[in-house]
Amino acid sequence: MRYSNPYSYRGFKALTAEKNGAAALLIYSDPAEDGYVKGKVFPDGPWGPESHIQRGAITYDFMVPGDPLTPGWASVPGAKRIPESEARSLPHVIALPLSWHDAKPLLENMDGPMAPKDWQGGLPIKYRLSGAVKAHLKVEMDNSVQPYYVVEARIRGGEFPDEWILLGNHHDAWEYGGVDPSSGTASMMELTRAIGGMLKNGSRPRRTLVFCSWDGEEIGLTGSTEWGEQFADDLRKKLVSYINVDSSASGPNLEGGAVGSLAPMLVETTYSIDDPKGGSLHDAWLKSAAASRKEEKDKQGVKDDNVVNTRIGSGSDHTVFLNFLGRPVITLGFDGPYGVYHSMYDNFYWMNHFGDPGYKYHATMSRLWGVTALRLAQADILPFDFGFYGRTLAGFIDDLKKNPHYDAHKLNLDDLQKRARDFEAAGARVKTQMNSELAAGKIPSESVARYNKAIQQVESNWLNPDGIPGRPWFRHLLYCARYTYAHLELPGLTEAVEAGNWDEARRQAEILGKAIDSNIALLQQTVKN
């Protein structure tokens with residue numbers, strides 16, 4: 001089996017192999033995806049050489065992330081652990097990653113049916129589907145329980161200590177991790193040094209800043225998931241937002257993601273950050289995003305309203321906070337040509353020569369991350385935009401209507417779309433009133449506190465306590481991931497539509513409709529107060 005482009009999580013490949021009765025699984029990196037077909041290879045360029053191996057987990061964390069033996073509760077000493085046979089996220093197929101150098105002898109000696117044209121890869125051979133090749137695979141594994149180390153630091157807020165802004169990056173890597181995750185770790189170290197300096201100089205943030213360096217991200221998002229489950233009660237009450245930086249820099253192109261309510265604030269923040277090439281980060285972001293979408297034949301065009309990725313999948317440490325705890329998240333990173341992912345060539349030399357020579361984007365990430373966090377920590381009125389979130393939700397419903405599996409005769413989404421527009425209108429009214437009262441200086445401090453507490457409930461209201469059918473750990477009604485880590489909006493509803501289960505689809509539509517109504521009522525009450 002080959003790694004694919006666009007990226008498909010190797011755990012989904014393992015599950016597919018397991019379901020189809022495969023004895024074992026070999027996954028290799030084809031040069032069509034990340035090697036010489038793309039350009040110069042390491043050490044002469046950023047793409048993967050013939051010996052590079054993309055390591056990686058194959059746990060089914062799209063079902064349950066974290067420790068497979070403690071699904072939904074914290075993996076701490078003395079915790080209840082289920083038997084491995086009951087663990088839904090544990091694979092039951094032997095698997096190993098390969099370089100294309102080691103895969104080529106197997107591929108070129110197959111004599112079965114020719115693979116379809118669009119399955120032909122970058123090697124100078126005829127790709128076939130099966131035949132004539134046998135391999136003996138032996139894998140030794142240590143399944144014992146071992147410790148993970150989450151490193152945590154806090155700066156207590158001076159005015160609102162029980163409102164938290166959380167910033168996170170993981171520190172575990174498959175090899176050297178020059179990009180993933182050490183670039184993000186470097187940016188976090190510089191960020192914490194700078195904010196620590198502000199504190200020493202007498203500048204304390206109004207809200208509490210929490211910094212976490214996660215362990216075990218590479219195997220099941222384990223460190224962040226278990227920490228989130230361990231402190232779930234506090235986080236549900238106190239966490240204003242989580243800002244995740246997995247890898248800060250593999251190139252110059254900003255990739256920014258956020259739930260719909262925080263997308264406008266993220267765009268606004270980039271106006272105040274300089275891009276290393278000159279001009280504002282905002283203008284550079286729009287330019288690089290436009291070039292990327294042109295390459296992908298996206299005719300929509302790029303502007304402030306659509307430059308933020310509001311379709312958030314999984315695959316990094318934001319997952320527990322958004323999908324399990326129902327807290328708003330932001331994801332940040334700079335991307336570029338990166339063909340050595342999870343291999344031993346993702347090292348200092350690669351970063352120094354190809355990823356970020358001069359480390360200018362590492363520094364820019366520290367600024368962007370810090371300013372975004374302080375914007376949230378220092379704001380009188382938390383900068384959520386629920387009018388924009390309503391438009392985002394309406395867009396998700398539009399997309400579902402365009403799904404080829406959707407049948408309007410069996411499920412009418414018009415009423416759900418009307419409710420989304422009502423939520424948008426309620427959000428717009430809140431923003432207009434708050435902007436007006438802020439400009440006039442009319443809002444008393446107790447009203448501000450009451451408002452901020454109320455609007456933090458919006459994201460929580462998107463949680464379904466029963467979770468998504470078949471995946472109860474994932475509870476968010478708007479956001480989830482497909483088994484490939486790709487984004488999946490309105491997950492319970494969409495999966496029911498795609499399965500043709502119309503009774504379940506109608507049930508999911510009713511659940512979503514009630515959640516929208518709850519948030520409309522919450523925003524209307526906020527305006528009245």
# chains A, B, ... in the order shown; residues from 1 in each chain; ligands from 1

call {"tool": "residues_around", "arguments": {"residues": "Ser183 (chain A)", "least_positions_apart": "6", "cutoff": "7 Å", "atoms": "only C-alpha atoms", "output": "list in words"}}
result
Ser247, Ser248, Ala249 and His362 of chain A

call {"tool": "write_last_selection", "arguments": {"atoms": "all heavy atoms", "output": "compact mmCIF listing (two decimals), in the first residue's frame"}}
result
# COMPACT_ATOMS: atom_id res chain seq x y z
N SER A 247 3.38 21.98 14.05
CA SER A 247 4.68 22.36 13.47
C SER A 247 4.57 23.81 13.06
O SER A 247 3.64 24.19 12.36
CB SER A 247 4.97 21.50 12.23
OG SER A 247 4.87 20.13 12.54
N SER A 248 5.51 24.63 13.47
CA SER A 248 5.35 26.05 13.17
C SER A 248 5.81 26.41 11.77
O SER A 248 5.27 27.33 11.17
CB SER A 248 6.06 26.92 14.21
OG SER A 248 7.45 26.86 14.08
N ALA A 249 6.82 25.67 11.22
CA ALA A 249 7.36 26.15 9.94
C ALA A 249 8.00 25.03 9.12
O ALA A 249 8.97 24.42 9.55
CB ALA A 249 8.39 27.25 10.20
N HIS A 362 9.82 30.84 12.12
CA HIS A 362 9.72 30.42 13.51
C HIS A 362 9.40 31.64 14.39
O HIS A 362 8.51 31.59 15.25
CB HIS A 362 11.05 29.83 13.98
CG HIS A 362 11.34 28.44 13.54
ND1 HIS A 362 11.57 28.12 12.22
CD2 HIS A 362 11.44 27.27 14.23
CE1 HIS A 362 11.82 26.82 12.13
NE2 HIS A 362 11.75 26.28 13.34

call {"tool": "select_by_dssp", "arguments": {"residues": "region 369-502 of chain A", "states": "alpha helix (DSSP H)", "output": "PyMOL selection string"}}
result
chain A and resi 369-378+386-401+414-440+445-455+457-460+491-499+502

call {"tool": "residues_around", "arguments": {"residues": "Ile273 (chain A)", "least_positions_apart": "2", "cutoff": "9 Å", "atoms": "only C-alpha atoms", "output": "list in words"}}
result
Thr269, Thr270, Tyr271, Asp275, Gly279, Ser280, Leu281, His282, Thr364, Arg367, Leu368 and Val371 of chain A

call {"tool": "closest_residue", "arguments": {"among": "A:Gly370, A:Gly387, A:Pro328, A:Pro31", "to": "Leu167 (chain A)", "atoms": "only C-alpha atoms"}}
result
A:Gly370

call {"tool": "residues_around", "arguments": {"residues": "region 37-48 of chain A", "least_positions_apart": "2", "cutoff": "10 Å", "atoms": "only C-alpha atoms", "output": "PyMOL selection string"}}
result
chain A and resi 29-35+50-54+99-100+121-123+250+336-341+343+345-346+349-351+353-355

call {"tool": "atom_distance", "arguments": {"atom1": "CA of Pro181 (chain A)", "atom2": "CA of Gly220 (chain A)"}}
result
15.0 Å

call {"tool": "residues_around", "arguments": {"residues": "Arg429 (chain A)", "least_positions_apart": "6", "cutoff": "9 Å", "atoms": "only C-alpha atoms", "output": "PyMOL selection string"}}
result
chain A and resi 387+523-524+527

call {"tool": "atom_distance", "arguments": {"atom1": "CA of Pro83 (chain A)", "atom2": "CA of Arg55 (chain A)"}}
result
26.7 Å

call {"tool": "residues_around", "arguments": {"residues": "region 411-414 of chain A", "least_positions_apart": "4", "cutoff": "12 Å", "atoms": "only C-alpha atoms", "output": "NGL selection string"}}
result
:A and (394 or 396-402 or 405-407 or 418-421 or 493-494 or 496-497 or 500-510 or 512-513)

call {"tool": "closest_residue", "arguments": {"among": "A:Trp227, A:Met1, A:Tyr7, A:Ala426", "to": "Ser130 (chain A)", "atoms": "only C-alpha atoms"}}
result
A:Met1

call {"tool": "residues_around", "arguments": {"residues": "Phe211 (chain A)", "least_positions_apart": "5", "cutoff": "12 Å", "atoms": "only C-alpha atoms", "output": "JSON, numbers by chain"}}
result
{"A": [150, 151, 152, 153, 154, 155, 156, 164, 165, 166, 167, 168, 169, 170, 185, 188, 189, 191, 192, 193, 195, 196, 224, 242, 243, 244, 245, 369, 370, 373]}

call {"tool": "closest_residue", "arguments": {"among": "A:Leu199, A:Trp174, A:Pro252, A:Arg391", "to": "Met344 (chain A)", "atoms": "only C-alpha atoms"}}
result
A:Trp174

call {"tool": "atom_distance", "arguments": {"atom1": "CA of Ala289 (chain A)", "atom2": "CA of Ala258 (chain A)"}}
result
15.6 Å

call {"tool": "closest_residue", "arguments": {"among": "A:Ala363, A:His136, A:Ile455, A:Ser213", "to": "Ala194 (chain A)", "atoms": "only C-alpha atoms"}}
result
A:Ala363

call {"tool": "closest_residue", "arguments": {"among": "A:Ser288, A:Asn452, A:Gln120, A:Asn323", "to": "Ala379 (chain A)", "atoms": "only C-alpha atoms"}}
result
A:Asn452

call {"tool": "select_by_dssp", "arguments": {"residues": "region 79-261 of chain A", "states": "strand (DSSP E or B)", "output": "VMD selection string"}}
result
chain A and resid 94 to 98 114 128 151 to 155 160 to 170 207 to 214 239 to 249 253 to 258

call {"tool": "closest_residue", "arguments": {"among": "A:His92, A:Thr70, A:Ser261, A:Gly78", "to": "Glu18 (chain A)", "atoms": "only C-alpha atoms"}}
result
A:His92
